[in-house]
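Undergrad: Sharing upload11.txt, compact mmCIF, C-alpha atoms:
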```txt
# COMPACT_ATOMS: atom_id res chain seq x y z
CA MET A 212 -23.41 -8.75 -14.17
CA SER A 213 -20.90 -6.35 -12.59
CA GLU A 214 -20.68 -2.84 -13.93
CA TYR A 215 -17.94 -2.46 -16.55
CA ILE A 216 -15.73 0.43 -15.40
CA ALA A 217 -13.85 1.40 -18.56
CA LEU A 218 -10.47 3.12 -18.31
CA PRO A 219 -9.22 5.84 -20.67
CA PRO A 220 -6.82 4.75 -23.43
CA LEU A 221 -3.18 4.46 -22.45
CA PRO A 222 -1.50 7.83 -22.94
CA GLY A 223 1.52 6.28 -24.70
CA GLU A 224 3.02 3.10 -26.12
CA LEU A 225 3.43 0.09 -23.84
CA ASP A 226 6.31 -2.37 -24.22
CA ARG A 227 4.96 -5.31 -22.21
CA GLU A 228 7.94 -7.58 -22.77
CA ARG A 229 10.40 -4.98 -21.51
CA VAL A 230 8.38 -4.41 -18.35
CA LEU A 231 8.07 -8.12 -17.63
CA ALA A 232 11.80 -8.65 -18.21
CA HIS A 233 12.68 -6.19 -15.43
CA LEU A 234 11.82 -8.32 -12.38
CA PRO A 235 15.11 -10.29 -12.20
CA LYS A 236 17.07 -7.03 -12.34
CA VAL A 237 15.11 -5.58 -9.45
CA MET A 238 15.64 -8.69 -7.35
CA ALA A 239 19.36 -8.67 -8.12
CA THR A 240 19.52 -5.04 -6.97
CA ILE A 241 17.85 -5.95 -3.69
CA LYS A 242 20.40 -8.72 -3.18
CA ARG A 243 23.24 -6.32 -3.97
CA ASN A 244 22.07 -4.04 -1.17
CA ILE A 245 21.70 -6.63 1.60
CA ALA A 246 25.24 -6.19 2.90
CA ARG A 247 25.02 -2.39 2.69
CA ILE A 248 21.84 -2.19 4.73
CA GLY A 249 22.79 -4.85 7.26
CA GLU A 250 20.42 -5.16 10.24
CA ARG A 251 18.92 -1.69 9.83
CA ASN A 252 15.55 -0.72 8.38
CA PRO A 253 15.58 1.95 5.66
CA LYS A 254 13.43 5.01 6.26
CA ILE A 255 14.13 7.64 3.58
CA GLY A 256 16.82 8.16 0.97
CA ASN A 257 19.61 10.73 1.02
CA ALA A 258 20.97 12.79 -1.86
CA ASP A 259 23.77 10.25 -2.43
CA TYR A 260 21.23 7.39 -2.67
CA SER A 261 22.13 5.98 0.74
CA TRP A 262 19.48 5.48 3.43
CA THR A 263 18.60 7.24 6.63
CA HIS A 264 17.37 4.45 8.87
CA CYS A 265 14.36 3.93 11.13
CA GLY A 266 14.30 4.51 14.83
CA PRO A 267 11.91 2.53 17.07
CA PHE A 268 8.21 2.30 16.11
CA ASP A 269 8.63 3.69 12.61
CA TRP A 270 5.70 2.94 10.30
CA VAL A 271 8.03 2.22 7.36
CA SER A 272 10.20 -0.27 9.25
CA SER A 273 8.83 -3.39 7.54
CA PHE A 274 9.11 -2.49 3.87
CA TRP A 275 12.70 -3.67 3.44
CA ALA A 276 11.85 -6.89 5.26
CA GLY A 277 8.86 -7.28 2.94
CA GLN A 278 11.11 -7.05 -0.10
CA LEU A 279 13.46 -9.66 1.35
CA TRP A 280 10.64 -12.08 2.13
CA LEU A 281 9.16 -11.70 -1.35
CA CYS A 282 12.54 -12.40 -2.92
CA TYR A 283 12.99 -15.45 -0.69
CA GLN A 284 9.53 -16.71 -1.61
CA THR A 285 10.37 -16.38 -5.29
CA THR A 286 13.91 -17.77 -5.28
CA ALA A 287 14.34 -19.88 -2.09
CA ASP A 288 17.70 -18.11 -1.71
CA GLU A 289 18.63 -18.31 1.99
CA GLN A 290 20.45 -14.98 1.91
CA TYR A 291 17.16 -13.12 1.58
CA LYS A 292 15.59 -15.11 4.42
CA ASN A 293 18.54 -14.73 6.76
CA SER A 294 18.63 -10.98 6.27
CA ALA A 295 14.88 -10.68 6.86
CA LYS A 296 15.12 -12.69 10.09
CA LEU A 297 17.73 -10.29 11.49
CA ARG A 298 14.91 -7.78 11.99
CA LYS A 299 12.77 -9.89 14.31
CA SER A 300 14.13 -8.30 17.49
CA TYR A 301 13.08 -4.85 16.22
CA PHE A 302 9.46 -5.99 15.92
CA ALA A 303 9.57 -7.94 19.19
CA ASN A 304 10.80 -4.85 21.06
CA MET A 305 8.06 -2.73 19.52
CA LEU A 306 5.39 -4.84 21.21
CA LEU A 307 6.96 -4.23 24.64
CA ASP A 308 5.82 -0.60 24.66
CA PRO A 309 2.26 -0.42 23.29
CA PHE A 310 1.97 3.26 24.20
CA TRP A 311 3.60 4.04 20.83
CA LEU A 312 1.62 1.62 18.68
CA ASP A 313 -0.95 2.99 16.23
CA HIS A 314 -2.92 1.99 13.12
CA ASP A 315 0.29 1.24 11.18
CA LEU A 316 0.58 -2.12 12.92
CA GLY A 317 -0.67 -3.71 9.72
CA PHE A 318 2.22 -2.33 7.70
CA GLN A 319 4.71 -3.22 10.40
CA TYR A 320 3.67 -6.82 11.09
CA SER A 321 2.17 -8.07 7.82
CA LEU A 322 5.45 -7.66 5.94
CA SER A 323 7.62 -8.97 8.76
CA CYS A 324 6.02 -11.47 11.13
CA VAL A 325 3.08 -12.60 8.99
CA ALA A 326 5.51 -13.03 6.11
CA GLU A 327 7.89 -15.15 8.18
CA TYR A 328 5.05 -17.28 9.53
CA LYS A 329 3.60 -17.88 6.06
CA LEU A 330 6.95 -18.85 4.57
CA THR A 331 8.62 -20.72 7.44
CA GLY A 332 5.85 -21.68 9.88
CA CYS A 333 7.59 -19.78 12.70
CA GLU A 334 5.21 -19.87 15.70
CA GLU A 335 6.98 -17.01 17.46
CA SER A 336 6.33 -14.72 14.48
CA LYS A 337 2.71 -15.89 14.33
CA MET A 338 2.16 -14.96 17.99
CA MET A 339 3.86 -11.58 17.54
CA ALA A 340 1.60 -10.78 14.60
CA LEU A 341 -1.50 -11.84 16.57
CA ARG A 342 -0.49 -9.58 19.44
CA ALA A 343 -0.16 -6.75 16.94
CA ALA A 344 -3.62 -7.56 15.57
CA ASP A 345 -5.03 -7.41 19.10
CA HIS A 346 -3.50 -3.96 19.59
CA LEU A 347 -4.94 -2.84 16.26
CA ILE A 348 -8.46 -4.11 16.96
CA HIS A 349 -8.51 -2.18 20.23
CA ARG A 350 -8.23 1.04 18.22
CA PHE A 351 -11.67 0.38 16.74
CA ARG A 352 -14.49 2.73 17.73
CA LYS A 353 -17.62 0.60 17.68
CA VAL A 354 -20.16 3.44 17.51
CA GLY A 355 -18.36 5.36 14.77
CA GLY A 356 -17.24 2.21 12.97
CA TYR A 357 -13.64 3.24 12.35
CA ILE A 358 -10.07 2.57 13.49
CA VAL A 359 -8.34 5.54 15.09
CA ALA A 360 -5.19 6.42 13.18
CA TRP A 361 -2.80 8.23 15.48
CA ASN A 362 -1.92 8.73 19.14
CA ASP A 363 -1.54 11.93 21.13
CA THR A 364 2.21 11.65 20.46
CA HIS A 365 1.64 12.38 16.76
CA PRO A 366 2.85 15.81 15.55
CA LEU A 367 -0.71 16.72 14.58
CA ALA A 368 -1.79 16.33 18.20
CA LEU A 369 0.16 19.45 19.14
CA GLU A 370 -1.71 21.42 16.50
CA LYS A 371 -5.19 19.87 16.85
CA PRO A 372 -5.39 17.95 20.12
CA ASP A 373 -9.20 17.98 19.98
CA VAL A 374 -9.40 15.86 16.81
CA ILE A 375 -6.56 13.35 17.08
CA GLN A 376 -8.65 10.69 18.88
CA GLY A 377 -11.41 10.93 16.29
CA LYS A 378 -9.30 10.80 13.15
CA SER A 379 -9.00 7.96 10.66
CA ILE A 380 -6.84 8.03 7.55
CA ILE A 381 -6.86 6.41 4.15
CA ASP A 382 -3.57 4.55 4.70
CA SER A 383 -5.42 2.31 7.17
CA LEU A 384 -7.08 0.43 4.31
CA GLN A 385 -3.79 -1.44 3.87
CA ASN A 386 -3.48 -2.17 7.57
CA THR A 387 -6.75 -4.08 7.78
CA ALA A 388 -5.06 -7.02 6.07
CA LEU A 389 -3.51 -7.91 9.45
CA LEU A 390 -7.02 -8.27 10.88
CA PHE A 391 -8.26 -10.42 8.00
CA TRP A 392 -5.21 -12.67 8.45
CA ALA A 393 -5.81 -12.90 12.21
CA ALA A 394 -9.41 -13.96 11.59
CA GLU A 395 -8.21 -16.73 9.28
CA VAL A 396 -5.58 -18.18 11.61
CA THR A 397 -7.62 -17.92 14.84
CA GLY A 398 -11.13 -18.55 13.54
CA ALA A 399 -12.29 -15.53 15.57
CA PRO A 400 -14.72 -13.45 13.46
CA ARG A 401 -14.22 -10.20 15.40
CA TYR A 402 -11.04 -9.33 13.48
CA ARG A 403 -12.78 -9.70 10.14
CA GLU A 404 -15.88 -7.85 11.32
CA VAL A 405 -13.82 -4.85 12.40
CA ALA A 406 -11.87 -4.80 9.12
CA ILE A 407 -15.06 -4.85 7.04
CA ARG A 408 -16.88 -2.26 9.17
CA HIS A 409 -13.89 0.09 9.02
CA SER A 410 -13.62 -0.31 5.25
CA GLU A 411 -17.32 0.44 4.84
CA THR A 412 -17.08 3.54 7.03
CA LEU A 413 -14.19 4.97 5.02
CA ALA A 414 -15.98 4.16 1.77
CA LYS A 415 -18.86 6.29 3.01
CA HIS A 416 -16.88 9.23 4.34
CA ILE A 417 -13.35 9.38 2.92
CA VAL A 418 -14.29 8.66 -0.73
CA ARG A 419 -15.88 11.63 -2.50
CA ASP A 420 -18.71 11.46 -5.03
CA ASP A 421 -16.25 11.75 -7.94
CA TYR A 422 -14.10 8.92 -6.48
CA SER A 423 -11.27 11.17 -5.43
CA THR A 424 -10.36 10.83 -1.76
CA TYR A 425 -9.64 12.75 1.39
CA HIS A 426 -6.44 11.87 3.18
CA SER A 427 -8.19 11.80 6.56
CA PHE A 428 -11.63 12.07 8.06
CA ASN A 429 -12.57 13.46 11.45
CA PHE A 430 -15.23 12.02 13.74
CA ASP A 431 -16.34 13.60 16.97
CA PRO A 432 -14.09 11.83 19.50
CA ILE A 433 -16.89 11.64 22.08
CA TYR A 434 -20.10 11.14 20.11
CA GLN A 435 -18.42 9.38 17.12
CA THR A 436 -20.48 11.34 14.60
CA PRO A 437 -18.85 12.24 11.24
CA VAL A 438 -17.41 15.78 11.07
CA LYS A 439 -15.35 16.48 7.93
CA GLY A 440 -12.55 15.40 5.63
CA GLU A 441 -9.07 16.93 5.90
CA THR A 442 -5.54 16.41 4.68
CA PHE A 443 -2.26 16.05 6.51
CA GLN A 444 0.21 15.27 3.74
CA GLY A 445 -1.76 16.41 0.69
CA TYR A 446 -1.84 19.90 -0.81
CA ALA A 447 -5.20 20.97 0.64
CA ASP A 448 -8.24 19.51 2.34
CA GLU A 449 -10.19 19.37 -0.93
CA SER A 450 -7.27 18.25 -3.10
CA CYS A 451 -6.40 14.61 -3.78
CA TRP A 452 -3.12 13.35 -2.34
CA ALA A 453 -1.81 10.86 -4.91
CA ARG A 454 -0.43 8.34 -2.44
CA GLY A 455 -3.69 8.44 -0.50
CA GLN A 456 -5.60 7.61 -3.67
CA SER A 457 -3.21 4.73 -4.27
CA TRP A 458 -3.78 3.36 -0.75
CA ALA A 459 -7.51 3.37 -1.49
CA ILE A 460 -7.16 1.63 -4.87
CA HIS A 461 -4.95 -1.14 -3.53
CA GLY A 462 -6.77 -1.28 -0.18
CA TYR A 463 -10.26 -1.82 -1.55
CA ALA A 464 -9.04 -4.32 -4.15
CA GLN A 465 -7.38 -6.18 -1.29
CA THR A 466 -10.55 -6.03 0.83
CA TYR A 467 -12.40 -7.63 -2.06
CA GLN A 468 -9.87 -10.46 -2.06
CA TYR A 469 -10.71 -11.24 1.57
CA THR A 470 -14.47 -10.74 1.40
CA LYS A 471 -15.45 -11.41 -2.24
CA ASP A 472 -17.94 -8.58 -1.74
CA ASP A 473 -18.27 -7.12 -5.23
CA SER A 474 -19.02 -3.64 -3.89
CA PHE A 475 -15.39 -3.34 -2.75
CA LEU A 476 -14.07 -4.37 -6.18
CA GLN A 477 -16.43 -1.94 -7.91
CA LEU A 478 -15.20 0.84 -5.63
CA ALA A 479 -11.55 -0.04 -6.32
CA LYS A 480 -12.24 0.17 -10.06
CA LYS A 481 -13.87 3.60 -9.77
CA LEU A 482 -10.99 4.90 -7.66
CA ALA A 483 -8.57 3.52 -10.24
CA ARG A 484 -10.46 5.18 -13.09
CA PHE A 485 -10.19 8.53 -11.34
CA ALA A 486 -6.41 8.13 -11.12
CA ALA A 487 -6.11 7.01 -14.76
CA GLU A 488 -8.07 10.06 -15.89
CA VAL A 489 -5.85 12.59 -14.08
CA ILE A 490 -2.38 11.03 -14.08
CA THR A 491 0.22 12.73 -16.26
CA PRO A 492 0.92 11.04 -19.63
CA ASP A 493 4.35 9.80 -18.49
CA GLY A 494 2.61 7.48 -16.01
CA VAL A 495 4.34 8.77 -12.85
CA PRO A 496 1.93 10.67 -10.58
CA VAL A 497 2.48 14.20 -9.37
CA TRP A 498 2.31 14.08 -5.57
CA ASP A 499 -1.19 15.58 -5.49
CA TYR A 500 -3.68 15.08 -8.31
CA ARG A 501 -5.19 18.54 -7.76
CA LEU A 502 -1.94 20.44 -7.36
CA PRO A 503 -2.20 23.97 -8.83
CA ALA A 504 -0.16 24.51 -11.98
CA ASP A 505 1.96 27.23 -10.33
CA GLU A 506 3.25 24.82 -7.67
CA ILE A 507 6.40 22.74 -8.21
CA GLN A 508 5.21 19.52 -9.80
CA TYR A 509 7.12 17.02 -7.67
CA LYS A 510 6.60 13.43 -8.71
CA ASP A 511 5.83 10.62 -6.27
CA SER A 512 7.21 7.32 -7.48
CA SER A 513 5.80 5.61 -4.39
CA ALA A 514 2.27 6.60 -5.40
CA GLY A 515 3.00 5.25 -8.88
CA ALA A 516 4.24 1.91 -7.53
CA ILE A 517 1.29 1.42 -5.16
CA THR A 518 -1.15 2.40 -7.90
CA ALA A 519 0.46 -0.05 -10.34
CA ALA A 520 0.18 -2.86 -7.82
CA GLY A 521 -3.45 -1.90 -7.21
CA PHE A 522 -4.34 -1.92 -10.91
CA LEU A 523 -2.75 -5.35 -11.30
CA LEU A 524 -4.59 -6.66 -8.23
CA ILE A 525 -7.86 -5.47 -9.75
CA ALA A 526 -6.95 -7.26 -12.99
CA GLN A 527 -6.23 -10.49 -11.10
CA SER A 528 -9.55 -10.20 -9.24
CA LEU A 529 -11.45 -9.78 -12.50
CA GLU A 530 -9.65 -12.75 -14.02
CA ASP A 531 -10.50 -14.86 -10.98
CA LYS A 532 -14.19 -13.97 -11.35
CA ALA A 533 -14.07 -14.85 -15.03
CA GLU A 534 -12.64 -18.30 -14.26
CA THR A 535 -15.83 -19.22 -12.41
CA LEU A 536 -18.01 -18.66 -15.49
CA PRO A 537 -18.67 -20.78 -18.60
CA ARG A 538 -15.97 -20.29 -21.22
CA GLU A 539 -18.24 -18.79 -23.88
CA SER A 540 -20.41 -16.67 -21.60
CA GLU A 541 -20.80 -12.97 -22.33
CA GLU A 542 -20.00 -12.02 -18.73
CA ARG A 543 -16.75 -13.99 -18.80
CA GLN A 544 -15.61 -12.20 -21.94
CA GLN A 545 -16.54 -8.85 -20.43
CA LEU A 546 -14.57 -9.55 -17.28
CA LEU A 547 -11.50 -10.67 -19.23
CA GLY A 548 -11.65 -7.60 -21.44
CA GLU A 549 -11.94 -5.36 -18.42
CA ALA A 550 -9.06 -7.20 -16.73
CA ASN A 551 -6.85 -6.56 -19.77
CA GLU A 552 -7.48 -2.82 -19.47
CA TYR A 553 -6.44 -2.75 -15.81
CA ARG A 554 -3.44 -4.99 -16.49
CA ASP A 555 -2.21 -2.78 -19.33
CA TRP A 556 -2.58 0.31 -17.16
CA GLY A 557 -0.63 -1.38 -14.36
CA LEU A 558 2.15 -2.29 -16.77
CA TYR A 559 2.14 1.23 -18.20
CA LEU A 560 2.61 2.71 -14.73
CA LEU A 561 5.49 0.30 -14.14
CA GLN A 562 7.01 1.33 -17.46
CA GLY A 563 6.84 4.98 -16.38
CA LEU A 564 8.73 4.14 -13.19
CA MET A 565 11.32 2.15 -15.13
CA ASP A 566 11.90 5.00 -17.58
CA GLN A 567 12.08 7.88 -15.11
CA CYS A 568 12.79 6.66 -11.58
CA ASP A 569 14.50 3.27 -11.66
CA LEU A 570 17.93 3.09 -9.94
CA CYS A 571 18.94 -0.49 -10.71
CA ASP A 572 21.76 0.65 -13.00
CA ASN A 573 23.15 3.00 -10.34
CA GLU A 574 25.72 0.93 -8.46
CA GLN A 575 25.72 3.39 -5.55
CA ALA A 576 21.97 3.36 -5.01
CA GLN A 577 20.76 1.43 -1.96
CA GLY A 578 17.14 1.56 -3.15
CA LEU A 579 15.13 0.90 -6.29
CA LEU A 580 13.31 4.14 -7.11
CA ALA A 581 14.16 7.83 -7.05
CA ASN A 582 11.63 10.70 -7.03
CA GLY A 583 9.56 9.68 -4.04
CA ALA A 584 7.57 12.39 -2.25
CA SER A 585 7.33 11.52 1.42
CA PHE A 586 5.90 14.79 2.78
CA VAL A 587 6.27 17.70 0.39
CA LYS A 588 4.97 20.32 2.84
CA VAL A 589 7.96 19.76 5.13
CA GLY A 590 10.49 19.47 2.29
CA LEU A 591 10.65 15.69 1.98
CA CYS A 592 10.56 15.17 -1.77
CA ASP A 593 12.80 13.64 -4.45
CA ASN A 594 13.79 10.77 -2.17
CA MET A 595 14.09 7.02 -2.30
CA LEU A 596 11.29 5.54 -0.18
CA PRO A 597 11.26 1.93 1.06
CA TYR A 598 7.50 1.62 0.58
CA GLY A 599 7.82 2.77 -3.02
CA ASP A 600 10.48 0.09 -3.50
CA TYR A 601 8.34 -2.60 -1.87
CA TYR A 602 5.29 -1.92 -4.05
CA TYR A 603 7.50 -1.69 -7.15
CA LEU A 604 8.62 -5.27 -6.46
CA GLU A 605 5.08 -6.37 -5.59
CA ALA A 606 3.69 -4.85 -8.80
CA LEU A 607 6.34 -6.51 -10.95
CA MET A 608 5.57 -9.83 -9.29
CA ARG A 609 1.83 -9.34 -9.85
CA ALA A 610 2.61 -8.58 -13.50
CA HIS A 611 4.17 -12.06 -13.68
CA GLY A 612 1.09 -13.67 -12.14
CA TYR A 613 2.31 -14.13 -8.57
CA ARG A 614 -0.63 -14.16 -6.17
CA ASN A 615 0.73 -15.10 -2.74
CA PHE A 616 1.61 -11.99 -0.79
CA PHE A 617 1.61 -11.15 2.90
CA TRP A 618 -1.37 -8.81 2.89
```
Rewrite the coordinates I just gave you, this time as structure tokens.
TA:
Amino acid sequence: MSEYIALPPLPGELDRERVLAHLPKVMATIKRNIARIGERNPKIGNADYSWTHCGPFDWVSSFWAGQLWLCYQTTADEQYKNSAKLRKSYFANMLLDPFWLDHDLGFQYSLSCVAEYKLTGCEESKMMALRAADHLIHRFRKVGGYIVAWNDTHPLALEKPDVIQGKSIIDSLQNTALLFWAAEVTGAPRYREVAIRHSETLAKHIVRDDYSTYHSFNFDPIYQTPVKGETFQGYADESCWARGQSWAIHGYAQTYQYTKDDSFLQLAKKLARFAAEVITPDGVPVWDYRLPADEIQYKDSSAGAITAAGFLLIAQSLEDKAETLPRESEERQQLLGEANEYRDWGLYLLQGLMDQCDLCDNEQAQGLLANGASFVKVGLCDNMLPYGDYYYLEALMRAHGYRNFFW
């Protein structure tokens, strides 16, 4: 029997019906913004709730496309599909210059080309996504067992050129989905083997004993031996960047979905419990869970949205396990009870976003959520963020029981 990882009580009242009723409004807001955004890919929000848009190779370039494909999957409305397809040339051009490609290939191609292939059967998109998976797998360091995050063109390379080729980051746990998908469509086990080995390595080194997380971990770039954990976007090396924790929660729950290895689900639950124990009562995370009290307590709605989606994915995984057991068995009842806790927490986090950050009633807003914290150390806070918007939609869909996503 799996270990029951209990969560703390909800810090406030939950109105489940109100949360579940919000999905159509979010999808209508996305449709409202199609003409405003056009062929561009949103990057970060401005003070007037318009977007600054992505240049080439941007890691966030797929999150608007991901929203469009999810809406098309749900409604079969051609307007969503046609707008999503306008972006194909952006992702085709990216593959022409692999010098700039890094570990974010999973973000970039899962929500664009994998999505199009899954929903339309487009062979061109399938081949583009497989090329991206091949680029990603070549970033794997076999001795160290990890995927290198960044290139020597990354801003950190100017500051620490000796570590950039031995650095892996927690965000990569989402990117491995591209490798799992590639293994499924090609039948080649190497993609899956790399994804699992990388996930195991980060579980060993980037997750702390209390189930908080480092943002990044350094390995010796020559000998591949582990060196130390660090941060890039968090408050400090030994703090806990909230969005990083959310990547880990969702990422390990997702890895469980591909592998059915219960150790990954157990880890996702323990990471989720850490977040539930330290999140503020309003349900919207401060940008770093160990931020000193005398610092400005900027919220990060993107961390809240990713965490909500992760909690709901854990709940779905527990429910799936329960379905395989006899109806009256003790283990089945335990799993369903545990699933209810994670589901309620996911809904509570969504409720917090609805109450404090939601922009659907703002006719001028080109995004869904305010109060995103992209990179507080360089002044990027209180912004709309396309990845926050994407996971907000994903979480609301998971709350309704949708299970077919592009990860």
Undergrad: When you draw a straight line from CA of Leu546 (chain A) to CA of Met608 (chain A), how long is it in Å?
TA: 21.7 Å
Undergrad: From the set A:Ser457, A:Ser585, A:Gln385, A:Asn615, which residue has the shortest atom-to-atom contact distance to Gln444 (chain A), counting only C-alpha atoms?
TA: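 Ranked by minimum distance to Gln444 (chain A), first place goes to A:Ser585.
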Undergrad: Quick one: residues within 6 Å of region 253-270 of chain A, only C-alpha atoms, excluding same-chain residues fewer than 5 positions away - as a short mmCIF file (atom, residue, chain, number, x, y, z; two decimals) with C-alpha atoms, in the coordinates of the input?
TA:
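The result, written out as result-v8.cif:
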```cif
data_model
loop_
_atom_site.label_atom_id
_atom_site.label_comp_id
_atom_site.auth_asym_id
_atom_site.auth_seq_id
_atom_site.Cartn_x
_atom_site.Cartn_y
_atom_site.Cartn_z
CA ASP A 315 0.29 1.24 11.18
CA ALA A 576 21.97 3.36 -5.01
CA GLN A 577 20.76 1.43 -1.96
CA ASN A 594 13.79 10.77 -2.17
CA MET A 595 14.09 7.02 -2.30
CA LEU A 596 11.29 5.54 -0.18
#
```
Undergrad: Closest to Lys439 (chain A) among A:Ala610, A:Val396, A:Ala464, A:Val374, using all atoms listed in the file?
TA: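 The answer is A:Val374, which sits nearest to Lys439 (chain A).
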Undergrad: Using all atoms listed in the file, determine which residues lie at most 12 Å from His365 (chain A), disregarding the query and same-chain residues fewer than 3 positions distant; provide the list as a list in words.
TA: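 Those residues are Asp269, Phe310, Trp311, Leu312, Asp313, His314, Ala360, Trp361, Asn362, Ala368, Leu369, Glu370, Lys371, Pro372, Val374, Ile375, Gln376, Lys378 and Phe443 of chain A.
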Undergrad: Suppose you want the space between CA of Ala526 (chain A) and CA of Glu549 (chain A); what is it in Å?
TA: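 Computing it gives 7.6 Å between the two atoms.
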Undergrad: My list of candidates is A:Ser379, A:Asn573, A:Gln456, A:Thr285. Which is closest to His416 (chain A) when distances are computed with all atoms listed in the file?
TA: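 Among the listed residues, A:Ser379 lies closest to His416 (chain A).
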Undergrad: Determine the nearest neighbour of Phe318 (chain A) from the options A:Tyr598, A:Ile241, A:Trp498, A:Lys292, counting only C-alpha atoms.
TA: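 Answer, going by the shortest atom-to-atom distance: A:Tyr598.
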Undergrad: As an exercise, work out the distance from CA of Gln477 (chain A) to CA of Ala514 (chain A) in Å and give it to one decimal place.
TA: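 We find that CA of Gln477 (chain A) and CA of Ala514 (chain A) lie 20.7 Å from each other.
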Undergrad: In terms of the shortest atom-to-atom distance over all atoms listed in the file, which of A:Gly521, A:Gly445, A:Gly563, A:Gly494 is closest to Arg229 (chain A)?
TA: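 Checking each of A:Gly521, A:Gly445, A:Gly563, A:Gly494 against Arg229 (chain A), counting all atoms listed in the file, the winner is A:Gly563.
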Undergrad: What's around Leu390 (chain A) at 7 Å? Count all atoms listed in the file, leave out sequence neighbours fewer than 6 positions away in its own chain, and write the answer as a ChimeraX atom specification.
TA: /A:344,402-403,406
Undergrad: When distances are computed from only C-alpha atoms, which of A:Ala393, A:Lys588, A:Pro503, A:Asp600 shows the smallest separation from Leu570 (chain A)?
TA: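 Going through A:Ala393, A:Lys588, A:Pro503, A:Asp600 one by one, the smallest distance to Leu570 (chain A) is for A:Asp600.
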Undergrad: Might you pull out every residue within 9 Å of region 381-383 of chain A, with all atoms listed in the file counted and same-chain residues fewer than 5 positions away left off, and present them as a list in words?
TA: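 Counting all atoms listed in the file, the residues come to His314, Asp315, Gly317, Phe318, Ile358, Ala360, His409, Ser410, Leu413, Ile417, Thr424, Tyr425, His426, Ser427, Phe428, Arg454, Gly455, Gln456, Ser457, Trp458, Ala459 and Gly462 of chain A.
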